[in-house]
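This is data10.tsv. It holds TSV, C-alpha atoms and all ligand atoms.
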chain	number	residue	atom	x	y	z
A	17	MET	CA	-31.14	46.68	-74.37
A	18	ARG	CA	-31.32	49.15	-77.22
A	19	ALA	CA	-28.09	50.00	-79.05
A	20	ILE	CA	-26.85	51.61	-82.26
A	21	VAL	CA	-24.91	49.08	-84.34
A	22	VAL	CA	-23.15	48.90	-87.68
A	23	THR	CA	-22.52	45.84	-89.85
A	24	ASP	CA	-21.61	47.35	-93.24
A	25	GLN	CA	-18.44	49.43	-93.51
A	26	ALA	CA	-19.27	50.73	-97.00
A	27	ALA	CA	-22.59	52.21	-95.84
A	28	GLY	CA	-21.07	54.93	-93.58
A	29	THR	CA	-23.42	56.57	-91.09
A	30	ALA	CA	-26.40	55.50	-93.25
A	31	GLY	CA	-25.67	51.93	-92.12
A	32	MET	CA	-26.31	52.75	-88.43
A	33	LYS	CA	-29.26	50.86	-86.95
A	34	LEU	CA	-31.09	50.95	-83.64
A	35	VAL	CA	-31.49	47.31	-82.55
A	36	GLU	CA	-31.97	45.11	-79.47
A	37	ARG	CA	-28.74	43.62	-78.10
A	38	PRO	CA	-28.01	41.55	-74.99
A	39	GLU	CA	-26.97	43.57	-71.94
A	40	PRO	CA	-23.18	43.38	-71.45
A	41	GLN	CA	-21.70	41.36	-68.60
A	42	PRO	CA	-18.73	42.76	-66.64
A	43	SER	CA	-15.40	40.94	-67.15
A	44	ILE	CA	-12.43	41.06	-64.74
A	45	ASN	CA	-11.77	44.66	-63.63
A	46	ASP	CA	-14.82	45.90	-65.57
A	47	VAL	CA	-17.86	47.81	-64.51
A	48	VAL	CA	-21.19	47.93	-66.26
A	49	VAL	CA	-22.41	51.49	-66.70
A	50	GLN	CA	-26.02	52.43	-67.28
A	51	VAL	CA	-25.45	54.99	-69.99
A	52	TYR	CA	-27.17	58.36	-69.55
A	53	ALA	CA	-25.33	60.20	-72.31
A	54	SER	CA	-22.89	59.21	-75.01
A	55	GLY	CA	-20.68	60.74	-77.71
A	56	PHE	CA	-19.58	59.51	-81.12
A	57	VAL	CA	-16.80	60.59	-83.51
A	58	LYS	CA	-17.74	60.06	-87.15
A	59	THR	CA	-14.30	58.77	-88.10
A	60	GLU	CA	-14.93	55.73	-85.86
A	61	LEU	CA	-16.47	54.26	-88.99
A	62	ASP	CA	-13.04	54.34	-90.68
A	63	TRP	CA	-11.16	52.77	-87.79
A	64	PRO	CA	-10.29	49.06	-88.09
A	65	SER	CA	-11.25	48.60	-84.42
A	66	THR	CA	-14.91	49.23	-85.28
A	67	TRP	CA	-14.92	46.24	-87.63
A	68	THR	CA	-12.44	43.68	-86.38
A	69	ASP	CA	-11.07	42.51	-83.04
A	70	ARG	CA	-7.40	42.52	-82.02
A	71	LEU	CA	-6.86	39.27	-83.97
A	72	ASP	CA	-8.44	40.87	-87.06
A	73	ARG	CA	-11.61	38.77	-86.85
A	74	ASP	CA	-14.94	40.31	-87.85
A	75	ARG	CA	-16.61	41.68	-84.72
A	76	THR	CA	-19.80	43.10	-86.26
A	77	PRO	CA	-22.47	43.98	-85.32
A	78	SER	CA	-20.42	46.57	-83.43
A	79	ILE	CA	-22.01	49.01	-81.03
A	80	LEU	CA	-20.68	52.49	-81.85
A	81	GLY	CA	-19.63	55.32	-79.52
A	82	HIS	CA	-16.73	55.43	-77.09
A	83	GLU	CA	-17.50	58.25	-74.69
A	84	LEU	CA	-20.04	57.98	-71.95
A	85	ALA	CA	-21.44	59.42	-68.77
A	86	GLY	CA	-23.67	57.32	-66.56
A	87	VAL	CA	-24.09	55.33	-63.36
A	88	VAL	CA	-22.27	52.12	-62.38
A	89	THR	CA	-24.71	49.20	-62.03
A	90	ALA	CA	-22.38	46.18	-61.65
A	91	LEU	CA	-18.74	45.35	-60.89
A	92	GLY	CA	-16.67	42.59	-62.50
A	93	TYR	CA	-14.44	40.15	-60.62
A	94	GLY	CA	-11.67	42.01	-58.80
A	95	THR	CA	-12.83	45.51	-59.76
A	96	THR	CA	-11.78	48.25	-57.33
A	97	GLY	CA	-11.85	52.02	-57.24
A	98	VAL	CA	-15.48	52.50	-58.28
A	99	SER	CA	-18.74	51.48	-56.64
A	100	VAL	CA	-22.26	50.57	-57.71
A	101	GLY	CA	-24.38	53.71	-57.93
A	102	GLN	CA	-21.42	55.99	-58.63
A	103	ARG	CA	-21.70	58.63	-61.37
A	104	VAL	CA	-18.84	58.17	-63.85
A	105	PHE	CA	-17.61	59.34	-67.24
A	106	GLY	CA	-14.83	58.24	-69.54
A	107	LEU	CA	-13.50	56.80	-72.74
A	108	THR	CA	-14.03	53.12	-73.63
A	109	ASP	CA	-11.79	50.63	-75.47
A	110	TRP	CA	-11.93	51.07	-79.27
A	111	TYR	CA	-12.16	47.30	-79.82
A	112	ARG	CA	-15.13	46.69	-77.52
A	113	ASP	CA	-18.83	47.33	-77.95
A	114	GLY	CA	-19.38	50.99	-77.28
A	115	THR	CA	-21.57	53.52	-75.61
A	116	LEU	CA	-24.44	54.32	-78.00
A	117	ALA	CA	-26.49	51.90	-75.94
A	118	GLU	CA	-28.40	51.65	-72.70
A	119	TYR	CA	-25.53	49.80	-70.97
A	120	ALA	CA	-21.80	49.43	-71.63
A	121	ALA	CA	-19.10	47.23	-70.06
A	122	VAL	CA	-15.93	49.27	-69.46
A	123	GLU	CA	-12.59	48.70	-67.71
A	124	ALA	CA	-12.84	50.65	-64.45
A	125	ARG	CA	-9.46	52.30	-65.09
A	126	ASN	CA	-10.97	54.08	-68.10
A	127	LEU	CA	-13.49	55.94	-65.95
A	128	ALA	CA	-13.39	58.86	-63.55
A	129	ARG	CA	-15.94	60.12	-61.05
A	130	LEU	CA	-18.44	62.57	-62.52
A	131	PRO	CA	-19.16	65.19	-59.86
A	132	GLY	CA	-22.84	65.53	-58.89
A	133	ASP	CA	-23.09	69.08	-60.23
A	134	VAL	CA	-21.98	68.13	-63.75
A	135	ASP	CA	-24.75	67.04	-66.08
A	136	PHE	CA	-24.41	63.69	-67.88
A	137	THR	CA	-24.65	65.46	-71.26
A	138	VAL	CA	-21.66	67.61	-70.33
A	139	GLY	CA	-19.77	64.57	-68.98
A	140	ALA	CA	-20.26	62.66	-72.23
A	141	SER	CA	-18.96	65.59	-74.30
A	142	LEU	CA	-15.58	65.72	-72.57
A	143	PRO	CA	-13.64	62.44	-72.82
A	144	ILE	CA	-12.45	62.40	-76.45
A	145	SER	CA	-12.17	66.13	-77.09
A	146	GLY	CA	-10.85	67.01	-73.62
A	147	LEU	CA	-8.34	64.18	-73.33
A	148	THR	CA	-7.13	64.65	-76.91
A	149	ALA	CA	-6.48	68.34	-76.30
A	150	TRP	CA	-4.79	67.65	-72.94
A	151	GLN	CA	-2.55	64.89	-74.26
A	152	GLY	CA	-1.64	66.78	-77.45
A	153	LEU	CA	-0.75	70.00	-75.66
A	154	VAL	CA	0.62	68.84	-72.32
A	155	VAL	CA	1.93	65.29	-72.77
A	156	HIS	CA	3.12	65.29	-76.41
A	157	GLY	CA	3.42	68.99	-77.25
A	158	ARG	CA	4.80	70.13	-73.85
A	159	VAL	CA	3.48	73.60	-74.50
A	160	LEU	CA	4.96	76.43	-72.44
A	161	ALA	CA	3.66	79.85	-71.48
A	162	GLY	CA	4.51	82.45	-74.08
A	163	GLN	CA	4.67	79.98	-76.98
A	164	ARG	CA	2.74	80.54	-80.20
A	165	VAL	CA	0.24	77.77	-80.98
A	166	ILE	CA	-1.90	77.10	-84.05
A	167	ALA	CA	-5.16	75.39	-83.10
A	168	HIS	CA	-6.61	74.07	-86.34
A	169	GLY	CA	-10.38	73.63	-86.47
A	170	ALA	CA	-10.62	75.89	-83.42
A	171	ALA	CA	-14.43	75.93	-83.36
A	172	GLY	CA	-14.66	72.13	-83.55
A	173	ALA	CA	-14.90	69.59	-80.75
A	174	VAL	CA	-11.17	69.02	-80.24
A	175	GLY	CA	-10.03	72.46	-81.47
A	176	SER	CA	-12.21	74.38	-79.03
A	177	MET	CA	-10.67	72.43	-76.14
A	178	VAL	CA	-7.16	72.95	-77.55
A	179	THR	CA	-7.80	76.67	-77.84
A	180	GLN	CA	-9.05	77.04	-74.27
A	181	LEU	CA	-6.39	74.84	-72.65
A	182	ALA	CA	-3.56	76.43	-74.61
A	183	ARG	CA	-4.73	79.87	-73.45
A	184	GLU	CA	-4.94	78.69	-69.85
A	185	LEU	CA	-1.36	77.40	-70.16
A	186	GLY	CA	-0.25	80.86	-71.25
A	187	ALA	CA	0.18	80.31	-74.98
A	188	TYR	CA	-0.68	82.79	-77.74
A	189	VAL	CA	-3.34	80.98	-79.79
A	190	ILE	CA	-4.01	81.33	-83.49
A	191	GLY	CA	-7.25	79.52	-84.31
A	192	THR	CA	-8.16	78.35	-87.79
A	193	GLY	CA	-11.24	77.05	-89.57
A	194	ARG	CA	-13.95	78.14	-91.96
A	195	ALA	CA	-15.13	81.75	-92.25
A	196	ALA	CA	-18.34	81.01	-90.34
A	197	ASP	CA	-16.30	79.82	-87.33
A	198	ARG	CA	-14.32	83.02	-86.77
A	199	GLN	CA	-16.43	84.39	-83.91
A	200	SER	CA	-16.80	81.03	-82.24
A	201	ALA	CA	-13.01	80.47	-82.29
A	202	LEU	CA	-12.41	83.95	-80.88
A	203	ASP	CA	-15.03	83.29	-78.18
A	204	PHE	CA	-13.17	80.13	-77.17
A	205	GLY	CA	-10.12	82.33	-76.65
A	206	ALA	CA	-8.18	82.39	-79.92
A	207	GLN	CA	-6.29	85.70	-80.21
A	208	GLU	CA	-6.22	85.55	-84.02
A	209	PHE	CA	-8.19	83.60	-86.59
A	210	VAL	CA	-7.15	82.29	-90.00
A	211	ASP	CA	-9.96	81.49	-92.43
A	212	LEU	CA	-8.32	78.56	-94.20
A	213	GLU	CA	-10.43	79.07	-97.32
A	214	THR	CA	-9.44	82.68	-97.99
A	215	ASP	CA	-6.49	83.71	-95.77
A	216	ALA	CA	-2.91	82.56	-96.30
A	217	LEU	CA	-1.94	80.31	-93.38
A	218	GLU	CA	1.71	81.21	-94.01
A	219	ASP	CA	1.00	84.85	-93.04
A	220	VAL	CA	0.86	83.91	-89.34
A	221	GLY	CA	4.65	83.40	-89.31
A	222	GLY	CA	6.62	81.02	-87.10
A	223	VAL	CA	4.96	79.07	-84.31
A	224	ASP	CA	6.12	76.67	-81.59
A	225	LEU	CA	3.28	74.17	-81.82
A	226	VAL	CA	0.67	73.21	-84.39
A	227	PHE	CA	-2.25	71.08	-83.22
A	228	ASP	CA	-3.55	69.49	-86.41
A	229	VAL	CA	-7.06	68.04	-86.61
A	230	ILE	CA	-7.35	68.49	-90.39
A	231	GLY	CA	-4.29	66.91	-92.09
A	232	GLY	CA	-3.75	66.78	-95.85
A	233	ASP	CA	-2.48	69.97	-97.43
A	234	ILE	CA	-3.15	72.00	-94.26
A	235	GLY	CA	-1.01	69.57	-92.26
A	236	LYS	CA	1.81	69.73	-94.81
A	237	ARG	CA	1.84	73.53	-94.94
A	238	SER	CA	1.70	73.69	-91.14
A	239	ALA	CA	4.97	71.76	-90.82
A	240	GLY	CA	6.77	74.62	-92.59
A	241	LEU	CA	5.63	77.13	-89.94
A	242	ILE	CA	7.21	75.36	-87.00
A	243	ARG	CA	10.19	77.13	-85.46
A	244	ALA	CA	13.36	75.32	-84.39
A	245	GLY	CA	12.58	73.09	-81.40
A	246	GLY	CA	8.82	73.23	-82.04
A	247	THR	CA	6.30	70.41	-82.45
A	248	LEU	CA	3.69	69.35	-84.96
A	249	VAL	CA	1.03	67.38	-83.10
A	250	SER	CA	-1.38	65.45	-85.31
A	251	VAL	CA	-4.48	63.47	-84.39
A	252	VAL	CA	-5.30	62.63	-88.01
A	253	GLY	CA	-2.54	60.15	-88.75
A	254	PRO	CA	1.19	60.38	-89.40
A	255	PRO	CA	2.09	63.85	-90.77
A	256	GLU	CA	2.97	63.90	-94.48
A	257	ALA	CA	5.60	66.58	-93.81
A	258	ARG	CA	7.73	67.10	-90.73
A	259	PRO	CA	9.16	70.31	-89.26
A	260	ALA	CA	12.69	70.96	-90.56
A	261	ASP	CA	14.11	71.35	-87.06
A	262	GLY	CA	11.42	70.10	-84.71
A	263	LEU	CA	9.33	67.13	-83.70
A	264	ALA	CA	6.31	65.54	-85.36
A	265	VAL	CA	4.01	63.48	-83.12
A	266	ASP	CA	0.84	61.67	-84.06
A	267	PHE	CA	-1.16	59.85	-81.43
A	268	VAL	CA	-4.48	58.27	-80.57
A	269	VAL	CA	-6.09	59.47	-77.35
A	270	GLU	CA	-6.09	57.18	-74.31
A	271	SER	CA	-8.26	57.26	-71.25
A	272	ASP	CA	-6.64	58.65	-68.12
A	273	ARG	CA	-8.51	59.04	-64.85
A	274	ALA	CA	-6.37	61.86	-63.48
A	275	GLN	CA	-6.63	63.86	-66.70
A	276	LEU	CA	-10.41	63.32	-66.87
A	277	SER	CA	-10.63	64.73	-63.34
A	278	GLU	CA	-8.49	67.74	-64.28
A	279	ILE	CA	-10.75	68.39	-67.27
A	280	VAL	CA	-14.05	68.11	-65.42
A	281	GLN	CA	-12.73	70.33	-62.63
A	282	ARG	CA	-12.03	73.02	-65.23
A	283	VAL	CA	-15.60	72.74	-66.52
A	284	ARG	CA	-16.93	73.14	-62.97
A	285	ASP	CA	-14.87	76.23	-62.20
A	286	GLY	CA	-15.50	77.85	-65.58
A	287	ARG	CA	-12.01	77.56	-67.07
A	288	LEU	CA	-13.33	75.21	-69.81
A	289	ARG	CA	-16.53	75.67	-71.77
A	290	THR	CA	-18.06	72.65	-73.49
A	291	ASN	CA	-18.89	72.67	-77.18
A	292	ILE	CA	-22.17	70.78	-77.39
A	293	GLY	CA	-24.32	71.09	-80.51
A	294	ASN	CA	-27.28	68.84	-81.06
A	295	VAL	CA	-28.60	66.65	-78.20
A	296	SER	CA	-30.72	63.72	-79.34
A	297	THR	CA	-32.22	60.51	-77.93
A	298	LEU	CA	-31.22	56.94	-78.83
A	299	ASP	CA	-34.37	56.80	-81.00
A	300	GLY	CA	-33.24	59.93	-82.86
A	301	ALA	CA	-29.55	59.05	-82.99
A	302	VAL	CA	-29.39	57.56	-86.49
A	303	ALA	CA	-31.16	60.63	-87.92
A	304	ALA	CA	-28.96	62.97	-85.84
A	305	PHE	CA	-25.77	61.45	-87.27
A	306	ASN	CA	-27.15	61.49	-90.83
A	307	ARG	CA	-28.10	65.16	-91.01
A	308	THR	CA	-26.78	66.83	-94.13
A	309	GLU	CA	-26.52	70.39	-92.79
A	310	ARG	CA	-23.26	71.53	-91.22
A	311	ARG	CA	-22.98	70.62	-87.53
A	312	LYS	CA	-21.73	73.02	-84.90
A	313	GLY	CA	-20.31	71.44	-81.76
A	314	LYS	CA	-20.51	67.88	-80.57
A	315	THR	CA	-23.62	65.75	-80.99
A	316	ILE	CA	-24.59	64.02	-77.74
A	317	ILE	CA	-27.04	61.15	-77.45
A	318	ARG	CA	-29.11	60.84	-74.27
A	319	ALA	CA	-29.86	57.17	-73.62
A	320	ARG	CA	-31.98	58.19	-70.60
A	321	PRO	CA	-33.92	61.41	-70.03
B	1	LIG	N1	-6.23	60.55	-82.86
B	1	LIG	C1	-7.13	60.81	-81.93
B	1	LIG	O1	-7.01	60.36	-80.80
B	1	LIG	C2	-8.31	61.69	-82.25
B	1	LIG	C3	-9.12	62.13	-81.19
B	1	LIG	C4	-10.18	62.99	-81.49
B	1	LIG	C5	-10.41	63.40	-82.79
B	1	LIG	N2	-9.61	62.92	-83.79
B	1	LIG	C6	-9.81	63.35	-85.18
B	1	LIG	O2	-9.67	64.76	-85.23
B	1	LIG	C7	-10.51	65.27	-86.24
B	1	LIG	C8	-11.36	66.40	-85.67
B	1	LIG	O3	-12.27	65.88	-84.73
B	1	LIG	P1	-13.38	66.81	-84.07
B	1	LIG	O4	-14.24	65.91	-83.27
B	1	LIG	O5	-12.74	67.98	-83.44
B	1	LIG	O6	-14.18	67.27	-85.39
B	1	LIG	P2	-15.05	68.58	-85.61
B	1	LIG	O7	-15.83	68.90	-84.39
B	1	LIG	O8	-15.76	68.38	-86.90
B	1	LIG	O9	-13.95	69.75	-85.77
B	1	LIG	C9	-13.15	69.91	-86.90
B	1	LIG	C10	-13.22	71.40	-87.28
B	1	LIG	O10	-12.27	71.67	-88.30
B	1	LIG	C11	-12.95	72.25	-89.42
B	1	LIG	N3	-12.29	71.87	-90.67
B	1	LIG	C12	-12.06	70.62	-91.11
B	1	LIG	N4	-11.45	70.66	-92.32
B	1	LIG	C13	-11.29	71.97	-92.62
B	1	LIG	C14	-10.72	72.66	-93.72
B	1	LIG	N5	-10.18	72.01	-94.76
B	1	LIG	N6	-10.73	74.00	-93.70
B	1	LIG	C15	-11.28	74.67	-92.66
B	1	LIG	N7	-11.83	74.08	-91.60
B	1	LIG	C16	-11.84	72.73	-91.57
B	1	LIG	C17	-14.34	71.66	-89.35
B	1	LIG	O11	-15.26	72.37	-90.13
B	1	LIG	P3	-16.35	71.52	-90.99
B	1	LIG	O12	-17.23	70.87	-89.97
B	1	LIG	O13	-17.05	72.53	-91.81
B	1	LIG	O14	-15.57	70.53	-91.81
B	1	LIG	C18	-14.60	71.73	-87.85
B	1	LIG	O15	-14.97	73.03	-87.42
B	1	LIG	C19	-11.33	64.09	-86.77
B	1	LIG	O16	-10.72	63.61	-87.94
B	1	LIG	C20	-11.21	63.08	-85.67
B	1	LIG	O17	-11.32	61.76	-86.11
B	1	LIG	C21	-8.57	62.08	-83.54
Represent the supplied structure as C-alpha cells.
Ligand SMILES: NC(=O)c1ccc[n+]([C@@H]2O[C@H](COP(=O)([O-])OP(=O)(O)OC[C@H]3O[C@@H](n4cnc5c(N)ncnc54)[C@H](OP(=O)(O)O)[C@@H]3O)[C@@H](O)[C@H]2O)c1
Amino acid sequence: MRAIVVTDQAAGTAGMKLVERPEPQPSINDVVVQVYASGFVKTELDWPSTWTDRLDRDRTPSILGHELAGVVTALGYGTTGVSVGQRVFGLTDWYRDGTLAEYAAVEARNLARLPGDVDFTVGASLPISGLTAWQGLVVHGRVLAGQRVIAHGAAGAVGSMVTQLARELGAYVIGTGRAADRQSALDFGAQEFVDLETDALEDVGGVDLVFDVIGGDIGKRSAGLIRAGGTLVSVVGPPEARPADGLAVDFVVESDRAQLSEIVQRVRDGRLRTNIGNVSTLDGAVAAFNRTERRKGKTIIRARP
C-alpha cells in the first residue's frame, strides 16, 4: 500500500516521503481500516512516539497521521463492537503506524461509527481537534454555564472547536489569535477577540478557564488571569506558570468512542462546524504539508476519492 513515512527527525516535514509499505495485519482486538481520509498534526514530528516504540527502540520508517475516517476491512482475533464494511472514524495509538496510508490497523476501542450522512473528510477532521476540545473543557476544565473562558488560537483546529463547545455549554468566550483571524474566531462564536500581536491580553480581566494551545509567554501571562477556583488547561506541555489560586492541567488527548459520537452528532445537527482548510490526495500530501504560506483550518488527506 502507499503511505507517508518519515525516517529523519531533523528533516521536519521536508523528510516526509510517499512510499510502498506492507498492508497492516490486525492484532488482537484490532480492526484494519481502509482509509478514506486522514488528518495530521505537525507537532507529531516532535513527539518521541513518532520515532521510538514504548521501549525506546527506533521504529522508523514511521507512518504519520493519527486521525482517520474509513471502512473496516478486517477484524483481529477477539475483536467485537465493529463489523467489516462499517464506516468508522477515530484516533489511533501514537506509537503505531498511522493513518496517512491506504490502510491502518487500529484498536477497535479507538473508533466510533461514522454516520452515513457524514463525509469521510469531515470525519477525519474531528478526532484530534474535537476530542481535545471536549476533554479540555468538559473532563479537565469542568466548564460551567456563565463562566468566562479564553480560547487561545480560536480560529485554529483545536481553538475553533473549543470556542464552539464552550459557547454551547453556556460560557462567555474570549477568542484570541492573529489579527487576520478576528472574523473567523467571531464566526465560530467568540464574543470578544484579542489580537495577541497588538492587544493587551491582560485587558480582558479575570477568567475561569484558559484553554491554551500556544504556550510560552502567552501561557505564562494567561495563568495570571485565572480567578480563584479557575483552571488553566494546556495541550502544549506543562504550564510554565500556574494560577495563584486555581488548577493547572496539561494533557494529551485520548480516543473515546462515546465522546466521538457526541462530537459527530453535533456536526450532524449543526451545533459544531468543522474547520477544514486544504484537502489533498496521498500523492499531494508531502507538498500540502510543506507549503510555506499560512494555512487556515485543518489539512485533510484523501487516500481514496
Ligand atoms: N496535547 C494534545 O493532546 C494536543 C491535541 C491537539 C493539539 N495539540 C497542540 O495544540 C497546538 C494547536 O494545534 P492546532 O491543531 O489547533 O493548530 P492550529 O490549527 O495551527 O491552531 C493554532 C492557532 O493559534 C494561532 N497562534 C499560534 N501561536 C500564536 C501566537 N503567538 N499569537 C497568535 N496566534 C497564534 C495559530 O496561528 P498561526 O497559524 O499563524 O501560527 C493558529 O490560528 C499544537 O501545538 C498541537 O500540537 C495538542
Next on the checklist: Could you list, as an MDAnalysis selection string, all residues that come within 6 Å of ligand LIG 1 (chain B)? Count all atoms listed in the file.
Outcome noted: chainID A and resid 57 59 144:145 148 169 171:175 193:194 212 229:230 251:252 267:269 313
Item to check | Selection as number ranges by chain: residues within 8 Å of (-26.4, 58.8, -73.3), counting all atoms listed in the file | outcome: A: 51-55, 84-86, 115-118, 136-137, 140, 297-298, 316-320
Checklist entry - Closest to Arg287 (chain A) among A:Arg164, A:Arg183, A:Arg103, A:Arg237, using only C-alpha atoms? => result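 Comparing A:Arg164, A:Arg183, A:Arg103, A:Arg237 against Arg287 (chain A), the winner is A:Arg183.
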Item to check | Contacts of Arg112 (chain A) at 10 Å (all atoms listed in the file; same-chain gap of 6+ positions) as a PyMOL selection string | outcome: chain A and resi 65-66+68-70+75+78-82+120-122
May I have the selected residues written with C-alpha atoms, as an mmCIF file, in the coordinates of the input?
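Dumped to result15.cif:
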data_model
loop_
_atom_site.group_PDB
_atom_site.id
_atom_site.type_symbol
_atom_site.label_atom_id
_atom_site.label_comp_id
_atom_site.auth_asym_id
_atom_site.auth_seq_id
_atom_site.Cartn_x
_atom_site.Cartn_y
_atom_site.Cartn_z
ATOM 1 C CA SER A 65 -11.250 48.600 -84.420
ATOM 2 C CA THR A 66 -14.910 49.230 -85.280
ATOM 3 C CA THR A 68 -12.440 43.680 -86.380
ATOM 4 C CA ASP A 69 -11.070 42.510 -83.040
ATOM 5 C CA ARG A 70 -7.400 42.520 -82.020
ATOM 6 C CA ARG A 75 -16.610 41.680 -84.720
ATOM 7 C CA SER A 78 -20.420 46.570 -83.430
ATOM 8 C CA ILE A 79 -22.010 49.010 -81.030
ATOM 9 C CA LEU A 80 -20.680 52.490 -81.850
ATOM 10 C CA GLY A 81 -19.630 55.320 -79.520
ATOM 11 C CA HIS A 82 -16.730 55.430 -77.090
ATOM 12 C CA ALA A 120 -21.800 49.430 -71.630
ATOM 13 C CA ALA A 121 -19.100 47.230 -70.060
ATOM 14 C CA VAL A 122 -15.930 49.270 -69.460
#
Next on the checklist: Please list as a list in words every residue within 10 Å of Val220 (chain A), counting all atoms listed in the file and excluding residues in the same chain fewer than 2 positions away.
Outcome noted: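 Answer for this query is Arg164, Ile166, Ile190, Glu208, Phe209, Val210, Asp215, Ala216, Leu217, Glu218, Gly222, Val223 and Leu241 of chain A.
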